[in-house]
Amino acid sequence: MGNLFKIAIRNLKRYKRRTILTASLVAIGVIFVLLFIGVTGSFKTMMTGQMTDSMLGHIQIHRKGYIASIDNLPLTMNMKSQAVKKLEKAFQGMPDVESYSPRIKFGGMFSSFTETTNIRLNGVYPEMEMKTLPLLASRITNGEKTIKKGEIVIPELLSRGMKVNVGDTIVIIATNKDGSVNGKQLRVSGIIESITGPGGRDGYVHIEDAMEILRMEEMEISEIAIRLKDFEKLYSVYNSLTAMLSGELNKQGKPAFEVHTWEGLTPFYNIIRMIDLMTIFIKIMLIAIVLISVMNVMIMAVYERIREIGTIAAIGTMPGKILSMFVIEGFWLGIIGAVVGNIVGIGIIYILKVVKITFDFGRQTGLVLSPVVSLQDIAMISLIVVVVAVLGSLQPAFKASRMEPIKALRHV
Amino acid sequence: MMELVVAEQIQKDYQIGEVALRALSGVSFEIEPASFVSFVGPSGSGKTTLLNLVGCLDKPTGGALRVADTDVLSLDRKQSASFRGANIGFIFQDFNLIPVLTVYENIEYPLLMVQNIPPEERKKRIDKLLEEVGMADQKDKYPDQISGGQKQRVAVARALVTNPKLVLADEPTANLDHKTAYMVIGLMKKMRDEFKTTFIFSTHDQKIVGEAEIIYTLEDGEIVDRQTRKGVNNG
């Protein structure tokens with residue numbers, strides 16, 4: 001086997017220029033795929049991080065049917081305190097859960113005394129919410145980076161539209177689940193920027209203020225956002241939560257809760273899926289580049305060495321060995337292309353990291369691009385290249401191995 | 001003595017388009033082991049076709065052919081390759097050395113890639129043959145760094161390194177000058193004497209023909225003459 005490798009390498013050296021060109025083509029393909037994965041991976045990570053760490057959490061639990069009517073923020077579909085206590089007890093027994101934050105979500109009227117508009121509000125325990133959404137505080141651009149009782153953090157859009165600033169007093173009016181209306185005067189303690197674009201109308205109040213506005217005697221929770229210690233365990237925790245809660249039934253004998261990962265809660269997940277889809281297309285292009293270039297060069301190699309093939313076949317070389325000889329040449333082309341491509345690709349990614357290119361996402365500006373490729377990606381791309389290079393050389397190699405020595409020896 | 005090659009009424013037809021061309025018609029001969037045989041004749045007389053058939057590179061369309069006590073017509077593609085590797089050595093007109101291998105590696109190739117001989121035995125055989133063909137000091141050179149005569153000496157060594165029963169050489173001196181041609185034929189004969197290998201070669205060079213011990217003359221695909229010239233000196 002070692003001799004086949006040696007002969008293959010020497011044959012590649014024999015046609016140096018052609019080998020360099022083909023290996024370069026393969027390497028360029030590898031570089032592009034690595035860069036694409038690195039850059040889009042960075043964008044994906046940042047987008048996911050923004051979504052999960054400043055708005056959604058990793059997993060959310062609602063009463064069954066809540067998500068279907070979330071646009072209305074139905075108070076009638078909140079979870080009762082007993083159910084919430086049961087869930088909280090379950091979370092405490094789950095080592096992968098870093099923190100959780102119960103929320104009362106409701107819609108109301110926002111009045112600055114001179115103007116009135118609508119607002120979506122989240123009643124939260126500030127410490128729990130901040131722990132579950134570590135980037136939330138960074139979204140509060142003006143004022144205090146916390147939510148105290150008697151205070152409200154309002155969305156930037158509302159602040160500008162209603163000309164309300166930190167320190168101003170406003171009134172929130174809301175209808176409770178029984179239909180009665182109540183209002184409460186709150187002091188604006190902060191302005192929060194939206195990550196989902198100019199349409200964001202989510203404000204934050206203390207959960208006790210929310211209960212007071214909604215005249216809740218017992219706390220009824222709209223959703224519980226959960227943050228995990230390790231994001232990689234998203235699906236395993238989701239699965240165990242789903243399995244655990246599937247036994248909880250309502251009075252109609254149907255599941256009482258629904259569990260969602262962040263992916264099911266934001267349309268931005270579709271962008272991430274699009275990126276994944278594009279990555280697949282880019283990988284298919286890489287496969288095509290490697291396949292065509294290796295196949296082309298190996299067809300030429302076989303054509304140019306017909307007499308040589310005839311000679312070694314006449315001497316008694318078995319067809320399988322002749323096939324291996326050419327397949328190994330393709331294998332080496334793949335290896336050279338993959339190694340060079342990986343080295344250059346990783347080098348460019350390192351340079352991009354050092355240069356610190358920035359981009360904007362939604363209202364977030366100046367996000368630093370931090371492309372990273374995992375060892376798994378590198379191994380996968382290398383494997384694809386080598387396997388495809390071998391496949392690309394199979395047809396010409398097979399042709400070489402099937403050549404009649406007498407015809408090959410006659411070839412001019 | 002058991003004959004090494006027995007050909008009975010061999011016939012070979014080629015189909016060229018719609019025309020059938022008869023290259024050999026009813027050729028019969030027998031060759032004993034350790035013979036030094038030449039097939040002579042003008043171009044198109046069927047010399048190369050005959051050597052290809054004896055070398056199991058091609059199959060006759062009619063007749064019977066036994067080489068080294070094997071009915072070569074019954075061998076399939078892989079069996080033919082295996083049979084050639086074990087029993088037959090080839091010397092080509094254009095030398096056909098593998099350009100990416102050194103002189104030493106070219107001779108080593110059949111032992112390594114065909115017969116799978118252990119390294120020590122390989123080295124012993126190659127070193128001996130390199131000495132015999134006078135190429136020991138050139139063993140690390142590549143084919144494009146040596147002369148035509150030297151290439152053919154390497155080809156002779158490569159053909160003999162597997163200890164074949166039979167070496168076939170199709171016009172082995174056609175691309176060599178006279179002096180070198182005689183030297184190569186002399187080398188082949190010396191190797192025959194030493195290794196008791198049968199050499200069959202084709203040529204149309206009358207001076208070279210004179211070196212053969214048995215000469216078959218071919219014309220239009222038929223053997224028209226057989227001469228025996230025992231005791232021809234080693235040139």
# chains A, B, ... in the order shown; residues from 1 in each chain; ligands from 1
>>> residues_around(residues="Tyr104 of chain B", least_positions_apart="2", cutoff="8 Å", atoms="only C-alpha atoms", output="PDB file with N, CA and C atoms, in the first residue's frame")
ATOM      1  N   LEU B 101       9.609   6.019 -11.556  1.00  0.00           N
ATOM      2  CA  LEU B 101      10.398   5.111 -10.713  1.00  0.00           C
ATOM      3  C   LEU B 101      11.854   5.116 -11.166  1.00  0.00           C
ATOM      4  N   THR B 102      12.754   4.953 -10.211  1.00  0.00           N
ATOM      5  CA  THR B 102      14.184   4.891 -10.540  1.00  0.00           C
ATOM      6  C   THR B 102      14.476   3.546 -11.205  1.00  0.00           C
ATOM      7  N   ASN B 106      12.150   0.410 -10.866  1.00  0.00           N
ATOM      8  CA  ASN B 106      11.543  -0.204 -12.046  1.00  0.00           C
ATOM      9  C   ASN B 106      11.744  -1.711 -12.037  1.00  0.00           C
ATOM     10  N   ILE B 107      12.952  -2.113 -11.642  1.00  0.00           N
ATOM     11  CA  ILE B 107      13.225  -3.563 -11.581  1.00  0.00           C
ATOM     12  C   ILE B 107      12.453  -4.186 -10.411  1.00  0.00           C
ATOM     13  N   GLU B 108      12.325  -3.408  -9.365  1.00  0.00           N
ATOM     14  CA  GLU B 108      11.644  -3.906  -8.166  1.00  0.00           C
ATOM     15  C   GLU B 108      10.131  -4.041  -8.373  1.00  0.00           C
ATOM     16  N   ILE B 126      17.448  -8.043  -7.081  1.00  0.00           N
ATOM     17  CA  ILE B 126      17.657  -6.812  -7.868  1.00  0.00           C
ATOM     18  C   ILE B 126      19.146  -6.491  -7.965  1.00  0.00           C
ATOM     19  N   LEU B 130      21.148  -6.121 -11.321  1.00  0.00           N
ATOM     20  CA  LEU B 130      21.784  -4.828 -11.649  1.00  0.00           C
ATOM     21  C   LEU B 130      23.242  -5.052 -12.036  1.00  0.00           C
ATOM     22  N   LYS B 139      21.587   2.863 -10.556  1.00  0.00           N
ATOM     23  CA  LYS B 139      20.316   2.374 -10.006  1.00  0.00           C
ATOM     24  C   LYS B 139      19.406   3.472  -9.456  1.00  0.00           C
ATOM     25  N   ASP B 140      19.966   4.612  -9.069  1.00  0.00           N
ATOM     26  CA  ASP B 140      19.122   5.676  -8.510  1.00  0.00           C
ATOM     27  C   ASP B 140      18.676   6.695  -9.554  1.00  0.00           C
TER      28      ASP B 140
END
>>> interface_residues(of="chain B", to="chain A", cutoff="12 Å", atoms="only C-alpha atoms", output="PyMOL selection string")
chain B and resi 48-49+51-53+55-59+77-102+105-116+142+155+158-162+164+167-168+170
>>> select_by_dssp(residues="segment 19-107 of chain A", states="strand (DSSP E or B)", output="PyMOL selection string")
chain A and resi 59-63+79+97-107
>>> residues_around(residues="Ile351 of chain A", least_positions_apart="6", cutoff="12 Å", atoms="only C-alpha atoms", output="PyMOL selection string")
chain A and resi 35+344-345+357+369-372
>>> residues_around(residues="Val386 of chain A", least_positions_apart="5", cutoff="9 Å", atoms="only C-alpha atoms", output="tab-separated table (two decimals) with C-alpha atoms, in the first residue's frame")
chain	number	residue	atom	x	y	z
A	290	VAL	CA	-13.99	18.86	-6.11
A	330	GLY	CA	-7.37	11.40	-6.32
A	331	PHE	CA	-7.16	10.83	-2.59
A	332	TRP	CA	-3.88	12.79	-2.40
A	333	LEU	CA	-5.37	15.63	-4.44
A	334	GLY	CA	-8.22	15.77	-1.92
A	335	ILE	CA	-5.82	15.67	1.03
A	337	GLY	CA	-6.59	20.60	-1.26
A	338	ALA	CA	-8.18	20.04	2.15
A	381	ILE	CA	-15.34	19.58	5.24
A	391	LEU	CA	-15.25	9.28	-5.81
>>> residues_around(residues="Arg103 of chain A", least_positions_apart="2", cutoff="6 Å", atoms="only C-alpha atoms", output="ChimeraX atom specification")
/A:123-124,221-223
>>> residues_around(residues="Arg22 of chain B", least_positions_apart="6", cutoff="8 Å", atoms="only C-alpha atoms", output="list in words")
Gln11, Lys12, Asp13, Tyr14 and Gly221 of chain B
>>> write_last_selection(atoms="C-alpha atoms", output="JSON list (two decimals), in the first residue's frame")
[["chain", "number", "residue", "atom", "x", "y", "z"],
["B", 11, "GLN", "CA", -5.61, -18.43, -35.94],
["B", 12, "LYS", "CA", -6.18, -14.77, -35.21],
["B", 13, "ASP", "CA", -8.68, -12.53, -36.95],
["B", 14, "TYR", "CA", -9.19, -8.83, -36.40],
["B", 221, "GLY", "CA", 0.37, -14.85, -40.95]]
>>> select_by_dssp(residues="segment 294-393 of chain A", states="helix (DSSP H, G or I)", output="PyMOL selection string")
chain A and resi 294-304+306-315+319-355+375-393
>>> atom_distance(atom1="atom CA of Asn270 of chain A", atom2="atom CA of Asp71 of chain A")
19.1 Å
>>> closest_residue(among="B:Leu24, B:Asp177, B:Val5, B:Lys151", to="Val37 of chain B", atoms="only C-alpha atoms")
B:Val5
>>> closest_residue(among="B:Pro42, B:Pro172, B:Gly17, B:Gly63", to="Phe29 of chain B", atoms="only C-alpha atoms")
B:Gly63
>>> closest_residue(among="B:Asp193, B:Leu65, B:Ala157, B:Ile208", to="Lys128 of chain B", atoms="only C-alpha atoms")
B:Ala157
>>> residues_around(residues="Gly57 of chain A", least_positions_apart="3", cutoff="12 Å", atoms="only C-alpha atoms", output="ChimeraX atom specification")
/A:48-54,60-61,97-103,128-136,223-229,231,234,260-266
>>> closest_residue(among="A:Lys163, A:Lys149, A:Arg17, A:Lys254", to="Arg63 of chain A", atoms="only C-alpha atoms")
A:Lys254
>>> closest_residue(among="B:Ala212, B:Glu3, B:Val103, B:Leu166", to="Met135 of chain B", atoms="only C-alpha atoms")
B:Val103
>>> closest_residue(among="B:Val40, B:Ala7, B:Ala23, B:Met191", to="Val72 of chain B", atoms="only C-alpha atoms")
B:Ala7
